[in-house]
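Trainee: Compact mmCIF, C-alpha atoms (C1' of nucleotides), file final_32.txt:
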# COMPACT_ATOMS: atom_id res chain seq x y z
CA MET F 114 0.00 0.00 0.00
CA ALA F 115 1.03 3.58 -0.53
CA ARG F 116 -0.04 7.05 0.58
CA PRO F 117 -2.82 6.52 3.13
CA ALA F 118 -5.99 8.51 2.65
CA ASP F 119 -6.14 11.87 4.39
CA PRO F 120 -9.62 12.38 5.90
CA GLY F 121 -8.60 15.90 6.90
CA ILE F 122 -8.98 17.11 3.32
CA ARG F 123 -12.63 16.14 3.20
CA LEU F 124 -13.33 17.58 6.64
CA ARG F 125 -11.68 20.86 5.75
CA LEU F 126 -13.64 21.11 2.49
CA ARG F 127 -16.84 20.29 4.36
CA ALA F 128 -16.29 23.01 6.94
CA GLN F 129 -15.53 25.55 4.22
CA ALA F 130 -18.61 24.45 2.28
CA VAL F 131 -20.76 24.98 5.38
CA ASP F 132 -19.34 28.49 5.72
CA TYR F 133 -20.13 29.08 2.05
CA VAL F 134 -23.78 28.03 2.20
CA LEU F 135 -24.26 30.05 5.39
CA THR F 136 -23.62 33.20 3.40
CA HIS F 137 -24.62 32.21 -0.14
CA GLY F 138 -27.55 29.90 0.52
CA ILE F 139 -27.96 26.25 -0.36
CA GLY F 140 -30.97 26.25 -2.69
CA ASP F 141 -29.09 27.07 -5.88
CA LEU F 142 -25.74 25.70 -4.78
CA ALA F 143 -23.58 24.87 -7.80
CA LEU F 144 -20.29 23.02 -7.78
CA ARG F 145 -18.16 25.43 -9.78
CA PRO F 146 -18.83 28.66 -7.84
CA LEU F 147 -18.47 26.77 -4.55
CA ALA F 148 -15.24 25.16 -5.72
CA LYS F 149 -13.85 28.50 -6.82
CA ALA F 150 -14.57 30.01 -3.39
CA LEU F 151 -12.82 27.00 -1.82
CA LYS F 152 -9.80 27.52 -4.11
CA THR F 153 -10.29 24.18 -5.83
CA ASN F 154 -12.44 22.91 -8.71
CA ALA F 155 -15.61 20.94 -9.27
CA ARG F 156 -13.58 17.84 -10.11
CA MET F 157 -12.22 17.67 -6.56
CA LEU F 158 -15.63 18.13 -4.92
CA ILE F 159 -16.93 15.17 -6.89
CA TYR F 160 -13.79 13.22 -6.03
CA HIS F 161 -14.09 13.80 -2.27
CA PHE F 162 -17.87 13.65 -1.90
CA GLY F 163 -18.83 11.27 -4.70
CA SER F 164 -21.51 13.52 -6.16
CA ARG F 165 -23.35 16.76 -5.56
CA GLU F 166 -25.92 14.82 -3.54
CA GLY F 167 -23.16 13.42 -1.33
CA LEU F 168 -21.78 16.91 -0.86
CA MET F 169 -25.22 18.17 0.18
CA ARG F 170 -25.51 15.37 2.73
CA GLU F 171 -22.11 16.25 4.17
CA ILE F 172 -22.97 19.95 4.35
CA LEU F 173 -26.24 19.11 6.10
CA SER F 174 -24.56 16.97 8.73
CA GLY F 175 -21.86 19.63 9.07
CA VAL F 176 -24.50 22.22 9.89
CA ARG F 177 -26.11 19.82 12.36
CA GLU F 178 -22.84 19.14 14.19
CA ARG F 179 -21.96 22.81 14.34
CA GLU F 180 -25.35 23.75 15.78
CA ALA F 181 -25.28 20.92 18.30
CA GLY F 182 -21.93 22.23 19.48
CA ARG F 183 -23.34 25.73 19.74
CA VAL F 184 -26.24 24.64 21.95
CA GLU F 185 -23.87 22.56 24.07
CA ARG F 186 -21.70 25.61 24.67
CA TRP F 187 -24.77 27.58 25.67
CA MET F 188 -25.67 24.96 28.25
CA LYS F 189 -22.18 24.77 29.73
CA ALA F 190 -21.73 28.50 30.19
CA GLY F 191 -23.89 30.41 32.66
CA ARG F 192 -26.73 29.29 34.89
CA LYS F 193 -29.65 27.44 33.45
CA PRO F 194 -33.20 28.77 33.63
CA ARG F 195 -35.56 26.80 35.87
CA THR F 196 -38.97 27.99 34.70
CA MET F 197 -40.57 27.97 31.27
CA PRO F 198 -40.74 31.76 30.86
CA ALA F 199 -37.11 32.04 31.95
CA PHE F 200 -36.14 29.35 29.47
CA LEU F 201 -37.94 31.20 26.68
CA ARG F 202 -36.03 34.41 27.42
CA TRP F 203 -32.76 32.47 27.81
CA TYR F 204 -33.20 30.77 24.44
CA TRP F 205 -34.43 33.82 22.58
CA ARG F 206 -31.57 36.02 23.76
CA ARG F 207 -29.12 33.58 22.16
CA ILE F 208 -30.95 32.48 19.01
CA SER F 209 -31.95 36.04 18.09
CA ALA F 210 -28.38 37.32 18.34
CA PRO F 211 -26.90 38.61 15.08
CA GLN F 212 -24.26 35.87 15.12
CA ALA F 213 -26.97 33.21 14.78
CA ARG F 214 -28.74 34.98 11.92
CA PRO F 215 -26.94 33.18 9.05
CA VAL F 216 -27.75 29.71 10.34
CA VAL F 217 -31.34 30.67 11.12
CA ARG F 218 -31.76 31.95 7.58
CA LEU F 219 -30.21 28.76 6.24
CA VAL F 220 -32.58 26.62 8.30
CA PHE F 221 -35.61 28.40 6.85
CA GLU F 222 -34.21 27.79 3.39
CA LEU F 223 -33.82 24.12 4.26
CA TYR F 224 -37.44 23.97 5.46
CA ALA F 225 -38.62 25.25 2.08
CA LEU F 226 -36.45 22.78 0.18
CA ALA F 227 -37.51 19.90 2.42
CA LEU F 228 -41.20 20.78 2.01
CA ARG F 229 -40.83 20.23 -1.74
CA ASN F 230 -38.41 17.32 -1.56
CA PRO F 231 -38.51 15.62 1.87
CA ARG F 232 -36.40 12.61 0.84
CA GLU F 233 -33.49 14.78 -0.24
CA PHE F 234 -33.38 16.47 3.17
CA PRO F 235 -34.15 13.73 5.69
CA GLY F 236 -34.88 14.87 9.22
CA VAL F 237 -35.06 18.56 8.42
CA LEU F 238 -38.83 18.68 8.92
CA GLU F 239 -39.10 16.21 11.79
CA GLU F 240 -36.13 17.14 13.97
CA PRO F 241 -37.30 20.51 15.32
CA VAL F 242 -40.56 19.03 16.60
CA ALA F 243 -38.62 16.43 18.56
CA PHE F 244 -35.86 18.85 19.55
CA TRP F 245 -37.90 21.20 21.75
CA PRO F 246 -39.15 18.78 24.40
CA LYS F 247 -35.65 17.32 24.58
CA LEU F 248 -34.00 20.71 25.04
CA VAL F 249 -36.50 21.79 27.68
CA GLN F 250 -35.93 18.57 29.58
CA ALA F 251 -32.15 18.80 29.25
CA MET F 252 -32.27 22.32 30.63
CA GLY F 253 -33.94 21.02 33.75
CA VAL F 254 -37.06 23.17 33.50
CA GLN F 255 -39.22 22.20 36.46
CA SER F 256 -42.74 21.80 35.11
CA PRO F 257 -43.10 19.04 32.51
CA ILE F 258 -44.17 20.25 29.10
CA SER F 259 -47.33 19.09 27.36
CA GLU F 260 -47.56 18.28 23.67
CA ALA F 261 -49.64 21.39 23.00
CA GLU F 262 -47.20 23.56 24.93
CA ALA F 263 -44.21 22.22 23.03
CA THR F 264 -46.00 22.73 19.72
CA LEU F 265 -47.00 26.30 20.53
CA LEU F 266 -43.59 27.27 21.91
CA LEU F 267 -41.78 25.86 18.90
CA ALA F 268 -44.23 27.58 16.58
CA ALA F 269 -44.01 30.94 18.33
CA THR F 270 -40.21 31.05 18.48
CA ARG F 271 -39.89 29.77 14.92
CA GLY F 272 -42.42 32.32 13.73
CA LEU F 273 -40.64 35.11 15.61
CA LEU F 274 -37.35 34.03 14.05
CA LEU F 275 -38.89 34.16 10.59
CA ASP F 276 -40.17 37.65 11.38
CA LEU F 277 -36.73 38.62 12.67
CA CYS F 278 -34.99 37.36 9.54
CA ALA F 279 -37.53 39.12 7.35
CA THR F 280 -37.61 42.51 9.06
CA SER F 281 -34.41 42.59 11.16
CA ASP F 282 -36.55 44.18 13.88
CA ARG F 283 -35.15 42.64 17.03
CA ARG F 284 -36.93 45.10 19.31
CA ARG F 285 -40.43 44.25 18.07
CA THR F 286 -39.86 40.50 17.83
CA THR F 287 -38.33 40.46 21.32
CA ALA F 288 -41.43 42.28 22.56
CA GLY F 289 -43.49 39.50 20.97
CA LEU F 290 -41.53 36.85 22.83
CA GLU F 291 -41.78 38.83 26.07
CA LEU F 292 -45.56 38.83 25.71
CA LEU F 293 -45.53 35.06 25.20
CA ALA F 294 -43.38 34.58 28.30
CA ARG F 295 -45.74 36.74 30.35
CA LEU F 296 -48.77 34.84 29.13
CA PHE F 297 -47.21 31.69 30.55
CA GLU F 298 -46.35 33.47 33.81
CA ILE F 299 -49.95 34.61 34.19
CA ARG F 300 -51.23 31.08 33.66
CA GLU F 301 -48.81 29.52 36.15
CA SER F 302 -49.52 32.12 38.81
CA GLY F 303 -53.31 32.14 38.32
CA MET Y 214 -54.58 48.72 -37.54
CA ALA Y 215 -55.24 44.98 -37.56
CA ARG Y 216 -55.92 42.20 -35.09
CA PRO Y 217 -56.21 43.83 -31.66
CA ALA Y 218 -54.22 42.27 -28.84
CA ASP Y 219 -56.00 39.67 -26.76
CA PRO Y 220 -55.19 40.17 -23.05
CA GLY Y 221 -57.09 37.01 -22.25
CA ILE Y 222 -54.24 34.87 -23.51
CA ARG Y 223 -51.82 36.33 -20.99
CA LEU Y 224 -54.34 36.09 -18.16
CA ARG Y 225 -55.12 32.49 -18.98
CA LEU Y 226 -51.41 31.59 -19.11
CA ARG Y 227 -50.86 33.42 -15.81
CA ALA Y 228 -53.64 31.53 -14.06
CA GLN Y 229 -52.31 28.21 -15.37
CA ALA Y 230 -48.79 29.16 -14.28
CA VAL Y 231 -50.05 29.90 -10.77
CA ASP Y 232 -51.69 26.48 -10.68
CA TYR Y 233 -48.41 24.96 -11.83
CA VAL Y 234 -46.20 26.57 -9.17
CA LEU Y 235 -48.76 25.68 -6.49
CA THR Y 236 -48.04 22.02 -7.13
CA HIS Y 237 -44.49 22.08 -8.52
CA GLY Y 238 -42.93 24.90 -6.52
CA ILE Y 239 -41.45 28.14 -7.74
CA GLY Y 240 -37.83 27.93 -6.60
CA ASP Y 241 -36.52 25.96 -9.56
CA LEU Y 242 -39.17 27.02 -12.05
CA ALA Y 243 -37.93 26.60 -15.62
CA LEU Y 244 -39.62 27.83 -18.76
CA ARG Y 245 -39.67 24.65 -20.82
CA PRO Y 246 -41.27 22.26 -18.28
CA LEU Y 247 -43.80 24.95 -17.37
CA ALA Y 248 -44.56 25.63 -21.04
CA LYS Y 249 -45.02 21.94 -21.72
CA ALA Y 250 -47.52 21.64 -18.86
CA LEU Y 251 -49.35 24.65 -20.30
CA LYS Y 252 -49.42 23.04 -23.77
CA THR Y 253 -47.26 25.75 -25.29
CA ASN Y 254 -43.53 26.44 -25.54
CA ALA Y 255 -40.90 28.63 -23.91
CA ARG Y 256 -40.98 30.99 -26.88
CA MET Y 257 -44.57 31.97 -26.09
CA LEU Y 258 -43.90 32.55 -22.40
CA ILE Y 259 -41.13 34.97 -23.28
CA TYR Y 260 -43.41 36.57 -25.89
CA HIS Y 261 -46.28 37.16 -23.47
CA PHE Y 262 -44.31 38.00 -20.31
CA GLY Y 263 -41.16 39.58 -21.74
CA SER Y 264 -38.76 37.45 -19.74
CA ARG Y 265 -38.61 34.85 -17.00
CA GLU Y 266 -38.42 37.66 -14.47
CA GLY Y 267 -41.59 39.21 -15.89
CA LEU Y 268 -43.29 35.84 -15.69
CA MET Y 269 -42.27 35.49 -12.04
CA ARG Y 270 -43.70 38.93 -11.27
CA GLU Y 271 -46.99 37.99 -12.93
CA ILE Y 272 -47.17 34.70 -11.06
CA LEU Y 273 -46.49 36.51 -7.78
CA SER Y 274 -49.27 39.04 -8.36
CA GLY Y 275 -51.51 36.23 -9.53
CA VAL Y 276 -50.99 34.42 -6.22
CA ARG Y 277 -51.66 37.66 -4.34
CA GLU Y 278 -54.92 38.33 -6.16
CA ARG Y 279 -56.11 34.78 -5.68
CA GLU Y 280 -55.40 34.86 -1.94
CA ALA Y 281 -57.00 38.26 -1.50
CA GLY Y 282 -60.11 36.87 -3.13
CA ARG Y 283 -60.01 33.85 -0.85
CA VAL Y 284 -59.89 35.99 2.31
CA GLU Y 285 -62.65 38.21 0.95
CA ARG Y 286 -64.87 35.20 0.43
CA TRP Y 287 -64.15 34.09 3.99
CA MET Y 288 -65.27 37.45 5.31
CA LYS Y 289 -68.47 37.55 3.28
CA ALA Y 290 -69.66 34.11 4.27
CA GLY Y 291 -70.63 33.37 7.86
CA ARG Y 292 -70.58 35.51 10.98
CA LYS Y 293 -67.44 37.28 11.97
CA PRO Y 294 -65.70 36.62 15.28
CA ARG Y 295 -65.77 39.48 17.77
CA THR Y 296 -63.00 38.56 20.21
CA MET Y 297 -59.35 37.82 19.64
CA PRO Y 298 -59.51 34.14 20.69
CA ALA Y 299 -62.56 33.65 18.47
CA PHE Y 300 -60.76 35.29 15.58
CA LEU Y 301 -57.75 33.00 16.07
CA ARG Y 302 -59.94 29.94 15.91
CA TRP Y 303 -61.89 31.35 12.93
CA TYR Y 304 -58.71 32.03 10.99
CA TRP Y 305 -56.98 28.77 11.87
CA ARG Y 306 -59.93 26.61 10.90
CA ARG Y 307 -59.75 28.08 7.39
CA ILE Y 308 -56.01 28.45 6.81
CA SER Y 309 -55.23 24.98 8.17
CA ALA Y 310 -57.72 23.30 5.85
CA PRO Y 311 -56.21 20.88 3.32
CA GLN Y 312 -57.38 23.09 0.43
CA ALA Y 313 -55.10 25.90 1.60
CA ARG Y 314 -52.05 23.67 2.03
CA PRO Y 315 -50.57 24.24 -1.47
CA VAL Y 316 -50.57 28.01 -1.18
CA VAL Y 317 -49.24 27.89 2.39
CA ARG Y 318 -46.37 25.71 1.20
CA LEU Y 319 -45.73 28.07 -1.70
CA VAL Y 320 -45.65 31.06 0.65
CA PHE Y 321 -42.99 29.42 2.82
CA GLU Y 322 -40.98 28.76 -0.32
CA LEU Y 323 -41.34 32.42 -1.25
CA TYR Y 324 -40.14 33.44 2.22
CA ALA Y 325 -36.96 31.43 1.75
CA LEU Y 326 -36.34 32.88 -1.72
CA ALA Y 327 -37.05 36.41 -0.54
CA LEU Y 328 -34.71 36.02 2.44
CA ARG Y 329 -31.85 35.39 -0.02
CA ASN Y 330 -32.98 37.80 -2.72
CA PRO Y 331 -35.37 40.42 -1.30
CA ARG Y 332 -35.34 42.64 -4.42
CA GLU Y 333 -36.52 39.85 -6.66
CA PHE Y 334 -39.56 39.24 -4.45
CA PRO Y 335 -40.68 42.69 -3.30
CA GLY Y 336 -43.24 42.76 -0.50
CA VAL Y 337 -43.06 39.07 0.31
CA LEU Y 338 -41.25 39.68 3.59
CA GLU Y 339 -42.97 42.90 4.61
CA GLU Y 340 -46.60 42.23 3.70
CA PRO Y 341 -47.50 39.61 6.34
CA VAL Y 342 -46.37 41.90 9.17
CA ALA Y 343 -48.66 44.65 7.90
CA PHE Y 344 -51.46 42.24 6.98
CA TRP Y 345 -52.37 40.98 10.44
CA PRO Y 346 -53.35 44.22 12.14
CA LYS Y 347 -55.35 45.13 9.02
CA LEU Y 348 -57.18 41.81 8.96
CA VAL Y 349 -57.96 41.94 12.67
CA GLN Y 350 -59.33 45.45 12.27
CA ALA Y 351 -61.32 44.56 9.16
CA MET Y 352 -62.88 41.68 11.05
CA GLY Y 353 -64.17 44.10 13.66
CA VAL Y 354 -62.47 42.45 16.62
CA GLN Y 355 -63.39 44.57 19.62
CA SER Y 356 -60.18 45.08 21.57
CA PRO Y 357 -57.48 46.98 19.65
CA ILE Y 358 -54.35 45.01 19.05
CA SER Y 359 -50.93 46.07 20.29
CA GLU Y 360 -47.75 45.76 18.27
CA ALA Y 361 -46.45 42.95 20.49
CA GLU Y 362 -49.76 41.10 20.22
CA ALA Y 363 -49.80 41.36 16.44
CA THR Y 364 -46.20 40.16 16.25
CA LEU Y 365 -46.82 37.20 18.53
CA LEU Y 366 -50.05 36.16 16.85
CA LEU Y 367 -48.53 36.32 13.38
CA ALA Y 368 -45.50 34.39 14.60
CA ALA Y 369 -47.53 31.71 16.36
CA THR Y 370 -49.91 31.06 13.46
CA ARG Y 371 -47.08 31.17 10.93
CA GLY Y 372 -45.04 28.79 13.05
CA LEU Y 373 -47.99 26.47 13.47
CA LEU Y 374 -48.55 26.51 9.72
CA LEU Y 375 -44.91 25.60 9.13
CA ASP Y 376 -45.31 22.74 11.61
CA LEU Y 377 -48.51 21.68 9.84
CA CYS Y 378 -46.86 21.67 6.42
CA ALA Y 379 -43.90 19.75 7.81
CA THR Y 380 -45.72 17.08 9.78
CA SER Y 381 -49.28 17.13 8.36
CA ASP Y 382 -50.42 16.75 12.00
CA ARG Y 383 -53.50 18.94 12.10
CA ARG Y 384 -54.63 17.57 15.45
CA ARG Y 385 -51.46 18.54 17.32
CA THR Y 386 -51.05 21.92 15.62
CA THR Y 387 -54.70 22.74 16.26
CA ALA Y 388 -54.12 21.88 19.92
CA GLY Y 389 -51.24 24.34 19.89
CA LEU Y 390 -53.46 27.08 18.54
CA GLU Y 391 -56.17 26.21 21.04
CA LEU Y 392 -53.66 26.68 23.85
CA LEU Y 393 -52.70 30.08 22.44
CA ALA Y 394 -56.36 31.12 22.25
CA ARG Y 395 -56.92 30.05 25.85
CA LEU Y 396 -53.86 31.96 27.05
CA PHE Y 397 -55.45 35.12 25.63
CA GLU Y 398 -58.80 34.25 27.22
CA ILE Y 399 -57.16 33.85 30.62
CA ARG Y 400 -55.45 37.21 30.30
CA GLU Y 401 -58.58 39.06 29.24
CA SER Y 402 -60.66 37.51 32.01
CA GLY Y 403 -58.06 37.98 34.74
C1' DG M 188 -59.12 41.24 -51.31
C1' DA M 189 -54.97 44.01 -49.50
C1' DG M 190 -52.42 45.39 -45.63
C1' DT M 191 -51.06 45.09 -40.90
C1' DT M 192 -50.22 43.29 -36.61
C1' DA M 193 -50.86 39.46 -33.09
C1' DA M 194 -49.77 35.05 -32.17
C1' DT M 195 -47.33 30.77 -32.89
C1' DG M 196 -43.64 27.16 -33.90
C1' DT M 197 -38.81 25.49 -34.87
C1' DA M 198 -34.27 25.73 -34.26
C1' DA M 199 -30.48 27.63 -32.66
C1' DC M 200 -27.44 30.63 -29.60
C1' DA M 201 -24.29 31.14 -25.66
C1' DG M 202 -23.95 29.86 -21.04
C1' DT M 203 -24.22 26.79 -16.99
C1' DC M 204 -25.17 22.38 -14.85
C1' DG M 205 -23.28 17.68 -12.84
C1' DT M 206 -20.19 14.41 -14.18
C1' DT M 207 -16.23 12.04 -16.32
C1' DA M 208 -12.03 10.68 -19.27
C1' DC M 209 -7.33 11.38 -19.17
C1' DA M 210 -2.98 12.92 -17.74
C1' DC M 211 -0.35 14.14 -14.01
C1' DT M 212 1.93 14.96 -9.46
C1' DT M 213 2.47 13.73 -4.58
C1' DA M 214 3.40 10.82 -0.77
C1' DC M 215 3.87 6.89 1.35
C1' DA M 216 5.25 1.29 1.90
C1' DA M 217 8.15 -2.12 0.37
C1' DT S 291 14.52 3.28 -5.50
C1' DT S 292 10.44 1.32 -7.08
C1' DG S 293 5.51 0.40 -6.91
C1' DT S 294 1.06 1.96 -5.75
C1' DA S 295 -2.61 4.53 -4.58
C1' DA S 296 -4.20 9.42 -3.20
C1' DG S 297 -4.83 13.61 -4.76
C1' DT S 298 -4.96 17.31 -8.45
C1' DG S 299 -5.93 19.88 -12.91
C1' DT S 300 -7.81 20.47 -17.74
C1' DA S 301 -11.00 19.73 -20.95
C1' DA S 302 -14.75 17.82 -22.51
C1' DC S 303 -19.50 15.45 -22.56
C1' DG S 304 -24.55 15.63 -22.82
C1' DA S 305 -28.32 17.93 -20.76
C1' DC S 306 -30.36 21.85 -19.38
C1' DT S 307 -30.98 27.13 -18.88
C1' DG S 308 -33.04 31.85 -20.71
C1' DT S 309 -33.33 34.10 -24.88
C1' DT S 310 -33.66 35.10 -29.87
C1' DA S 311 -33.61 34.91 -35.19
C1' DC S 312 -36.52 33.49 -38.61
C1' DA S 313 -40.57 31.82 -40.76
C1' DT S 314 -45.43 31.16 -40.66
C1' DT S 315 -50.28 31.44 -39.61
C1' DA S 316 -54.40 33.88 -37.76
C1' DA S 317 -57.39 37.70 -37.22
C1' DC S 318 -58.57 41.99 -37.72
C1' DT S 319 -59.20 47.12 -40.42
C1' DC S 320 -59.47 49.44 -44.54
Can you present the structure in this file as C-alpha cells?
Mentor:
Amino acid sequence: MARPADPGIRLRLRAQAVDYVLTHGIGDLALRPLAKALKTNARMLIYHFGSREGLMREILSGVREREAGRVERWMKAGRKPRTMPAFLRWYWRRISAPQARPVVRLVFELYALALRNPREFPGVLEEPVAFWPKLVQAMGVQSPISEAEATLLLAATRGLLLDLCATSDRRRTTAGLELLARLFEIRESG
Amino acid sequence: MARPADPGIRLRLRAQAVDYVLTHGIGDLALRPLAKALKTNARMLIYHFGSREGLMREILSGVREREAGRVERWMKAGRKPRTMPAFLRWYWRRISAPQARPVVRLVFELYALALRNPREFPGVLEEPVAFWPKLVQAMGVQSPISEAEATLLLAATRGLLLDLCATSDRRRTTAGLELLARLFEIRESG
DNA sequence: GAGTTAATGTAACAGTCGTTACACTTACAA
DNA sequence: TTGTAAGTGTAACGACTGTTACATTAACTC
C-alpha cells in the first residue's frame, strides 16, 4: 500500500462548504462557484464527496454538528433557567443574536427545500418538533411540558425568528416573545 | 390597424402558471417544463411576459390576487368573530384546511427565496407583518391590538402553519393554537 | 381582397449544470 | 529506489438554462 488517505482534506472542504452556504444559501448551490470560493475545482468536490448529492448530505450533517456544538456551549456557560418563561427568554436572547442569523436563515431555506423534496433532506422537517421537548428537559425546566405547549412554543419562536430574519426588527420581535413569556407566567400564577 | 391584442391569452397563461407553481414549486421554475404543462412552448412565455423575471412577477401578483379573493370570500360568508380568541380559531380553521395547504407551502418557499434575494420578491417579507393588524381590524375584533400582540399572533400562526406543512399533523397543531387562544382568554378575564 | 399586426412554432445561440475521461503529481510502503 | 494509490488539474460530454432569429399562420381594419 502507498499514501494513506487523508480524511482531513474532506473535513476541511466540508467546513468551508458549510461556511459558504451560510452566506450564499444552499438552494441554488452549484459546484463550480463553490469550488472557486474554496480555491479548488468541481472535479475535486466530486472526487471527495462522490456527487453533488453526497456533498449536500455532508454539508447538512456539518450544519447539524456545528449547531449541536453551539447549543452545548450555551448549556455549559452560565446558569440554566428553571422555569418555562425564563427558558424562553434564555433561548431567545441567544438564538436572536446577530451571530446566529446566518444559520437561522439557512434553516428556513432548508425547510422550504424539504417541504418540496422531503427525501433529499431527511430529518429537516421532523427534527425541530422532537428537539424542543428534549431541550426543555435537558435544561432542567421544572414543570413538565405538554404536547400542545411544546407545539406552541416551537411555533411561536420559529415564527418570531422568521419575522426577525424578514424585518431585522429585534426590538419588536423580542417584545413578541416577552408577551408570550408573560402569558405563561400569568397562567402559572393564576 | 389589424388584429387587436388579446389580453385574455396572458391572463389564462398566468392563471395556469399559478396552478403549476402551487403544485411544482417556484424555486426551480424553468420555462420549458412549465410551457409543456401549459401546452405551449418557452418561446410563447417569453413573448407574453417579456422574460422569465416578468413571468415570475406575474405569477407573484396572480398568487396575491387569488389569496385576496379567498380571504374576501371568507369574510363575506358566515358571521365574523368578535373577540381575539374567536378570531384566532376562525382564521386557523380556514387556513389549516387541506385546500389551503398548497398556497401555504408556496408562501414558505417564497419566504426562503425572498430572504436570499429580497429585491426579486418585493413585498413578500414585509406584507405579512402589515397584513395581520389590518385583517384583525377589518374583522371588527373589539379590543385593539398592540404591536407585540400582532407580532406574537402572526409568529404563532405562521409557526404552526410551518409545523402543519412539515408534519401534516392537524390535530397537534390545532391543539397548539387552542392553547394560544386560551392563554389570551385567561389574560382578558383575569 | 390588401395590408397590418398578433400570435405561434422550430431551431439555434451562448452559457451553466453535474459528471467524467485522461494525464499528471504527490506521498507513502516495500 | 520502485511500486502503488491518493490527490490534483484540464477539458470535454450531454443535458439543461433563458433568450432570440426566422418563418409562418391567424385575425382583424381598410
Trainee: Would you kindly report the residues of chain Y within 9 Å of chain S, using only C-alpha atoms (C1' of nucleotides), as a ChimeraX atom specification?
Mentor: /Y:214-217,243-244,256,259,264-265
Trainee: Compile the contact shell of segment 122-128 of chain F as a list in words: residues with an atom at most 8 Å away, counting all atoms listed in the file, same-chain residues fewer than 4 positions apart removed.
Mentor: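 Those residues are Asp132, Leu151, His161, Phe162, Leu168, Glu171, Ile172 and Gly175 of chain F.
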Trainee: Could you check how far atom CA of Gly138 of chain F sits from atom CA of Leu374 of chain Y, in Å to one decimal?
Mentor: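 Result for atom CA of Gly138 of chain F versus atom CA of Leu374 of chain Y: 23.2 Å, one decimal.
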Trainee: For atom CA of Ala269 of chain F and atom CA of Gly372 of chain Y, quote the distance in Å rounded to one decimal.
Mentor: 5.8 Å
Trainee: Compute the set of chain F residues within 9 Å of chain Y, using all atoms listed in the file, and express it as an MDAnalysis selection string.
Mentor: chainID F and resid 137:138 140:141 218:219 221:229 237:239 242 260:276 278:280 285:293 296:297 299:300 303
Trainee: Would you kindly return, as a list in words, each protein, DNA or RNA residue with an atom no farther than 7 Å from any atom of Leu135 of chain F, considering only C-alpha atoms (C1' of nucleotides) and excluding same-chain residues fewer than 4 positions away?
Mentor: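 So, after excluding close chain neighbours, the residues are Val131, Pro215, Val216 and Leu219 of chain F.
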Trainee: Figure out the distance between atom CA of Glu280 of chain Y and atom CA of Pro220 of chain Y, please, to one decimal in Å.
Mentor: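 Answer for the atom CA of Pro220 of chain Y to atom CA of Glu280 of chain Y separation: 21.8 Å.
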Trainee: Quick one: of M:DA210, M:DA194, M:DA189, M:DA216, who's nearest to chain Y, counting all atoms listed in the file?
Mentor: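 With all atoms listed in the file as the atom set, the closest residue is M:DA194.
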Trainee: Can you save segment 252-266 of chain Y of the given block to a file, including N, CA and C atoms and formatted as a PDB file, in the first residue's frame?
Mentor:
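Result file follows (out-v4.pdb):
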ATOM      1  N   LYS Y 252     -49.169  23.379 -22.370  1.00  0.00           N
ATOM      2  CA  LYS Y 252     -49.425  23.043 -23.772  1.00  0.00           C
ATOM      3  C   LYS Y 252     -48.995  24.167 -24.705  1.00  0.00           C
ATOM      4  N   THR Y 253     -47.827  24.752 -24.398  1.00  0.00           N
ATOM      5  CA  THR Y 253     -47.259  25.753 -25.294  1.00  0.00           C
ATOM      6  C   THR Y 253     -45.741  25.567 -25.245  1.00  0.00           C
ATOM      7  N   ASN Y 254     -44.986  26.588 -25.586  1.00  0.00           N
ATOM      8  CA  ASN Y 254     -43.532  26.439 -25.538  1.00  0.00           C
ATOM      9  C   ASN Y 254     -42.887  27.680 -24.920  1.00  0.00           C
ATOM     10  N   ALA Y 255     -41.595  27.555 -24.610  1.00  0.00           N
ATOM     11  CA  ALA Y 255     -40.899  28.631 -23.909  1.00  0.00           C
ATOM     12  C   ALA Y 255     -40.958  29.930 -24.711  1.00  0.00           C
ATOM     13  N   ARG Y 256     -40.909  29.812 -26.025  1.00  0.00           N
ATOM     14  CA  ARG Y 256     -40.981  30.993 -26.876  1.00  0.00           C
ATOM     15  C   ARG Y 256     -42.189  31.857 -26.552  1.00  0.00           C
ATOM     16  N   MET Y 257     -43.341  31.225 -26.344  1.00  0.00           N
ATOM     17  CA  MET Y 257     -44.572  31.967 -26.088  1.00  0.00           C
ATOM     18  C   MET Y 257     -44.574  32.634 -24.716  1.00  0.00           C
ATOM     19  N   LEU Y 258     -43.977  31.955 -23.737  1.00  0.00           N
ATOM     20  CA  LEU Y 258     -43.902  32.551 -22.397  1.00  0.00           C
ATOM     21  C   LEU Y 258     -43.081  33.831 -22.439  1.00  0.00           C
ATOM     22  N   ILE Y 259     -41.954  33.768 -23.144  1.00  0.00           N
ATOM     23  CA  ILE Y 259     -41.129  34.972 -23.278  1.00  0.00           C
ATOM     24  C   ILE Y 259     -41.913  36.047 -24.039  1.00  0.00           C
ATOM     25  N   TYR Y 260     -42.647  35.611 -25.081  1.00  0.00           N
ATOM     26  CA  TYR Y 260     -43.413  36.575 -25.887  1.00  0.00           C
ATOM     27  C   TYR Y 260     -44.456  37.298 -25.043  1.00  0.00           C
ATOM     28  N   HIS Y 261     -45.167  36.553 -24.208  1.00  0.00           N
ATOM     29  CA  HIS Y 261     -46.282  37.164 -23.470  1.00  0.00           C
ATOM     30  C   HIS Y 261     -45.845  37.853 -22.185  1.00  0.00           C
ATOM     31  N   PHE Y 262     -44.716  37.429 -21.603  1.00  0.00           N
ATOM     32  CA  PHE Y 262     -44.310  38.000 -20.313  1.00  0.00           C
ATOM     33  C   PHE Y 262     -42.974  38.739 -20.391  1.00  0.00           C
ATOM     34  N   GLY Y 263     -42.380  38.805 -21.558  1.00  0.00           N
ATOM     35  CA  GLY Y 263     -41.158  39.581 -21.738  1.00  0.00           C
ATOM     36  C   GLY Y 263     -39.905  38.831 -21.367  1.00  0.00           C
ATOM     37  N   SER Y 264     -39.932  38.197 -20.210  1.00  0.00           N
ATOM     38  CA  SER Y 264     -38.763  37.446 -19.740  1.00  0.00           C
ATOM     39  C   SER Y 264     -39.205  36.542 -18.597  1.00  0.00           C
ATOM     40  N   ARG Y 265     -38.289  35.697 -18.139  1.00  0.00           N
ATOM     41  CA  ARG Y 265     -38.608  34.851 -17.003  1.00  0.00           C
ATOM     42  C   ARG Y 265     -38.934  35.705 -15.780  1.00  0.00           C
ATOM     43  N   GLU Y 266     -38.188  36.788 -15.607  1.00  0.00           N
ATOM     44  CA  GLU Y 266     -38.422  37.663 -14.469  1.00  0.00           C
ATOM     45  C   GLU Y 266     -39.827  38.258 -14.531  1.00  0.00           C
TER      46      GLU Y 266
END
